[in-house]
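S.K.: After the C-alpha cells below, expect a handful of questions from me.
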Amino acid sequence: MQDNATRKRNTGLAVAAARLVLALAFWGVLIAEPSLPFRGFGYGYGAPVLAAYLGWALLLLAVARYSWWYDHRLAPVAQAVDMLVLLASVYLTETPVSEFQTPFLAFAAFLLISSMVRWNWRVTALTAAALLVINLAVGLTLYQFGYQIDLLRFGRRVIYIVLLASMLLWLSTARGTGRAVSLPEAPGVPGERRDSVIDPALAAAASALGAWRVALALASSEEPWIELRIFGPNGIDVQRLMPDGMAEELLNPGSPALFSTRRQRQLRLSGEGGLCFARSGPVSSLLLDRLGIDEGLVAPVRSVMGSGQLVAWAIDGPCRDDIALLTAIGQELGLALDREETARLSRVSAADAVRQALARDLHDSLAQFLAGTLFRLEALRRWISEGNDPEPEIAAIKNALRQEQSQLRQLIDRLRRGEDGERETDLVAELSDLLVQTGAHWHIRTRLDAPDHPLLLPLHIAHEVRQLVREGVANAARHGQCSAVEIGLASRDGTLHLTISDDGGGFASVDGMAPRPRSIAERVAALGGSFELQDTAQGACLVIALPTGEQA
C-alpha cells in the first residue's frame, strides 16, 4: 500500500461518527438532569428511546467502517430515523421556558449538513422540506390530542429550518460537486513525455486512495492494440493486448463506480448532481475479469486519441468518496494526455513548417541559381566554340558563385541563431543589389520602381521578399523567355505591395488556365498575404500584398 500524507475522506464514516456524538450528548444530558420532563412520561420512558437510538448510531458507525454497500443502502433509512428522533425529542422534552434547552438546533443542523455532504443540494432541500412537513404534522397531531403547543415557538422553529437550509443550499451550490486534484508535473519536453505523464498519475492515484494497485487500460483510435499499464509495489508493468471485445468496452466507458464482483454489487456515480445509485447483479467487464479484481474502483479516462478506464483495487477501506476522487484523477489524466498530444502536434507542425520554409528557400535561391548557372555554362560553351575569349564570363560566373555562397552562409546562420525580429534593413537597397546580381546572372534587364527613401522592414520579412523576387525573376527568365523584368515596390497602411512584371511569353496554360507558381504561392500564404497572377500575351505580372505591421 502507498503511503498517504493525509487520510482520505470518508463522508459516511464522518456522518456516522457525528450521529453517535449527538446521541451520546443527549444521553449525557438525561443522566446529568434526570428530572428533565418528557411531557408527563418521565425519565423512565425517555431512557429506552435514547438507548435504542444510541445502539442504532453504534450500528451505523460499524457499517460505515466496514461496508460501503450497506452504508449507502441504509443512508436514507438513517436520515428518516434521525428526523423522527429529532421531532420526538423536541416535542417530548421542551417546556414553555426551555427554548434553547431542546436539541432541535443540533439535530436540524446535523440532518441538513449530512444531506449536503453525503448527497447534494437537491437532497438538502428535500430534507428541509421534510422537516417542515413532519414538524407541522407532529405539532398538529399533538394539538389534536390535547397537548400544549406554543404557536410562537412553532413559527420560530420553521424560521430556523428555512434559514439554516437556505445557507446550506447556498454553500452546497457554490462549492460544486467535483473533487479538485493536481497531478505531478512530468519531466521532459512537452509532446515527448506521454509515459512520464501516465506513470506518475497512477502512482498519485494509488497514494490518494491507499491502493496497492492502479491500472490504466487505453484503447487508441489509431493503434490496433490496447495499452495496459499497471502500477504496483514492484513498479510499472506495461502490456499490449489484442482488442478482442475489450476495445468496444474501453472506447465506450461507463460511469464511475465502486464495485464488488464477488458480491455482485456496485455504486455508480450519476452524471448529474454527484449522486450514487446502488445496483445489484453481475458486474460485467472484460477488463476486470482479466485483472482478476474482486473489489475496487473504476472511472473513465477520455482523451482526443482514445479512451479507456482507470481501475484501482486492493484498497484499505474503500468508500463512496473514493469514486469522486478517482473520477477527478481520470479527468485530469485525460486532460494531461490531451495537452501532450497538442504539444506533439505543435512540434510536428512546427517541424513541418521549418521543412517547408527550408525547401522554399533552397528552391528559390540555390536551385534557381544552379539552373541559371547551367544556363550560363551552356552559353559559355557556345561562346568558346565560336572562338571568343571566355575569361570575362568565367570571372562573372565565379563572382556569382561567391555571392551565392555568401547568401547560402547567411541562410545557414539564420537557421542556427533563429530570427531576430527587432533588427531591420532597408528593403529598397536590398532589392537594388539583388536585381543587379539576378540581371547579370540571367542576362536580362532589370528595373526597380521603389520609393526614393529607405523602406525599413524586419529582417525576416525582407528575406521573404528577396526570395519572392529571386523566384519571380528566375521564372520570367527560364519559362517566360523574357528580356526585361520590372519590380514595383510600395508600402501603404501596414501592407507591402510588390509587383513582378516581365515582357516574356507568360505562363503556359493548362486546361485554359495559367498555373500558379507553387513556391511563390506557398510563401505568400505562409506570410498571410494575397497573390494574384495576371498573364497576358505581353508578359506576366505577379501582384503580391504582404502585411508588415509597419504604418507608413
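Ordered as shown in the C-alpha cells, chains take letters A, B, and onward, while each chain numbers its residues from 1 and ligands are numbered from 1 in the order shown.
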Taking the DSSP secondary structure from the backbone, can you list the residues of range 465-522 of chain A that are strand (DSSP E), as a list in words?
M.R.: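 Everything in range 465-522 of chain A that counts as strand (DSSP E) is Ala484, Val485, Glu486, Ile487, Gly488, Leu489, Ala490, Ser491, Arg492, Thr495, Leu496, His497, Leu498, Thr499, Ile500, Ser501 and Asp502 of chain A.
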S.K.: For Arg240 in chain A, find every residue with an atom within 8 Å (counting only C-alpha atoms), except residues of its own chain fewer than 6 positions away, and show them as a list of chain:residue names.
M.R.: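 Everything that qualifies: A:Trp225, A:Ile226, A:Glu227, A:Leu228.
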S.K.: Given the selection you just returned, output its residues as a file containing N, CA and C atoms, formatted as a PDB file, in the first residue's frame.
M.R.:
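Output (part-v4.pdb):
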ATOM      1  N   TRP A 225      -3.980  -2.095 -30.961  1.00  0.00           N
ATOM      2  CA  TRP A 225      -3.919  -2.871 -29.730  1.00  0.00           C
ATOM      3  C   TRP A 225      -4.387  -2.016 -28.549  1.00  0.00           C
ATOM      4  N   ILE A 226      -4.504  -2.671 -27.404  1.00  0.00           N
ATOM      5  CA  ILE A 226      -4.884  -1.989 -26.163  1.00  0.00           C
ATOM      6  C   ILE A 226      -3.645  -1.882 -25.278  1.00  0.00           C
ATOM      7  N   GLU A 227      -3.405  -0.696 -24.785  1.00  0.00           N
ATOM      8  CA  GLU A 227      -2.272  -0.472 -23.882  1.00  0.00           C
ATOM      9  C   GLU A 227      -2.752  -0.607 -22.439  1.00  0.00           C
ATOM     10  N   LEU A 228      -2.105  -1.476 -21.687  1.00  0.00           N
ATOM     11  CA  LEU A 228      -2.440  -1.695 -20.278  1.00  0.00           C
ATOM     12  C   LEU A 228      -1.206  -1.412 -19.438  1.00  0.00           C
TER      13      LEU A 228
END
S.K.: So that I can check the surroundings of range 60-73 of chain A, please list as a ChimeraX atom specification every protein, DNA and RNA residue that reaches within 10 Å of it, counting only C-alpha atoms and ignoring chain neighbours fewer than 5 positions away.
M.R.: /A:10-20,54-55,78,118,258-260,263,265-267,276-279,317-321
S.K.: Those residues with C-alpha atoms, as a short mmCIF file (atom, residue, chain, number, x, y, z; two decimals), in the first residue's frame please?
M.R.:
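Full text of part27.cif as output:
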data_model
loop_
_atom_site.label_atom_id
_atom_site.label_comp_id
_atom_site.auth_asym_id
_atom_site.auth_seq_id
_atom_site.Cartn_x
_atom_site.Cartn_y
_atom_site.Cartn_z
CA ASN A 10 -14.97 9.05 4.15
CA THR A 11 -18.20 11.02 4.36
CA GLY A 12 -20.29 8.07 5.56
CA LEU A 13 -17.93 7.45 8.46
CA ALA A 14 -17.90 11.15 9.40
CA VAL A 15 -21.71 11.36 9.39
CA ALA A 16 -21.99 8.17 11.48
CA ALA A 17 -19.47 9.48 14.00
CA ALA A 18 -21.33 12.78 14.28
CA ARG A 19 -24.61 10.91 14.85
CA LEU A 20 -23.02 8.88 17.65
CA LEU A 54 -27.62 5.09 20.75
CA GLY A 55 -27.45 1.43 19.70
CA ALA A 78 -30.87 6.59 8.81
CA ARG A 118 -23.46 12.85 1.62
CA LEU A 258 -17.29 1.31 -6.65
CA PHE A 259 -17.87 -2.41 -7.21
CA SER A 260 -17.62 -5.89 -5.76
CA ARG A 263 -20.90 -9.95 -4.04
CA ARG A 265 -22.73 -5.05 -6.01
CA GLN A 266 -21.83 -1.64 -7.33
CA LEU A 267 -22.35 2.04 -6.58
CA CYS A 276 -24.65 7.47 -6.43
CA PHE A 277 -27.06 4.69 -7.28
CA ALA A 278 -26.79 1.19 -5.89
CA ARG A 279 -27.10 -1.73 -8.29
CA GLY A 317 -11.49 0.72 3.46
CA PRO A 318 -12.97 1.82 0.13
CA CYS A 319 -15.89 4.23 0.41
CA ARG A 320 -18.26 6.27 -1.72
CA ASP A 321 -16.00 9.35 -1.62
#
S.K.: Counting only C-alpha atoms, what is within 10 Å of Ala125 in chain A, bar same-chain residues fewer than 3 positions away, as a list in words?
M.R.: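 Selected residues are Leu112, Ser115, Met116, Asn120, Trp121, Arg122, Ala128, Ala129, Ala130, Leu131, Val162, Ala165, Ser166, Leu168 and Leu169 of chain A.
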S.K.: Residues of the last selection are to be written out with C-alpha atoms, as a short mmCIF file (atom, residue, chain, number, x, y, z; two decimals), in the first residue's frame.
M.R.:
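Output saved as again03.cif:
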data_model
loop_
_atom_site.label_atom_id
_atom_site.label_comp_id
_atom_site.auth_asym_id
_atom_site.auth_seq_id
_atom_site.Cartn_x
_atom_site.Cartn_y
_atom_site.Cartn_z
CA LEU A 112 -29.13 19.27 6.81
CA SER A 115 -27.59 15.72 3.47
CA MET A 116 -25.27 18.25 1.93
CA ASN A 120 -26.20 17.21 -2.95
CA TRP A 121 -28.22 20.40 -2.71
CA ARG A 122 -31.36 18.75 -4.04
CA ALA A 128 -35.53 20.78 4.79
CA ALA A 129 -38.96 20.39 3.21
CA ALA A 130 -39.49 17.05 5.01
CA LEU A 131 -38.50 18.62 8.33
CA VAL A 162 -35.68 27.78 6.48
CA ALA A 165 -31.42 25.25 4.94
CA SER A 166 -31.01 28.40 2.80
CA LEU A 168 -26.50 25.29 3.44
CA LEU A 169 -28.12 25.23 -0.01
#
S.K.: For the atom pair CA of Arg518 in chain A and CA of Phe369 in chain A, what is the interatomic distance in Å to one decimal place?
M.R.: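 A separation of 17.5 Å between them.
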S.K.: As number ranges by chain, please: the residues near Ser285 in chain A (cut-off 12 Å, only C-alpha atoms, same-chain neighbours under 2 positions excluded).
M.R.: A: 245-250, 253-254, 259-261, 282-283, 287-294, 298, 309, 311
S.K.: As a PyMOL selection string, please: the residues near Val485 in chain A (cut-off 9 Å, only C-alpha atoms, same-chain neighbours under 4 positions excluded).
M.R.: chain A and resi 439+444-448+473+476-477+500-504
S.K.: For Thr342 in chain A, which residue out of A:Thr141, A:Ala80, A:Ser303, A:Leu362 is the nearest one, using only C-alpha atoms?
M.R.: A:Ser303
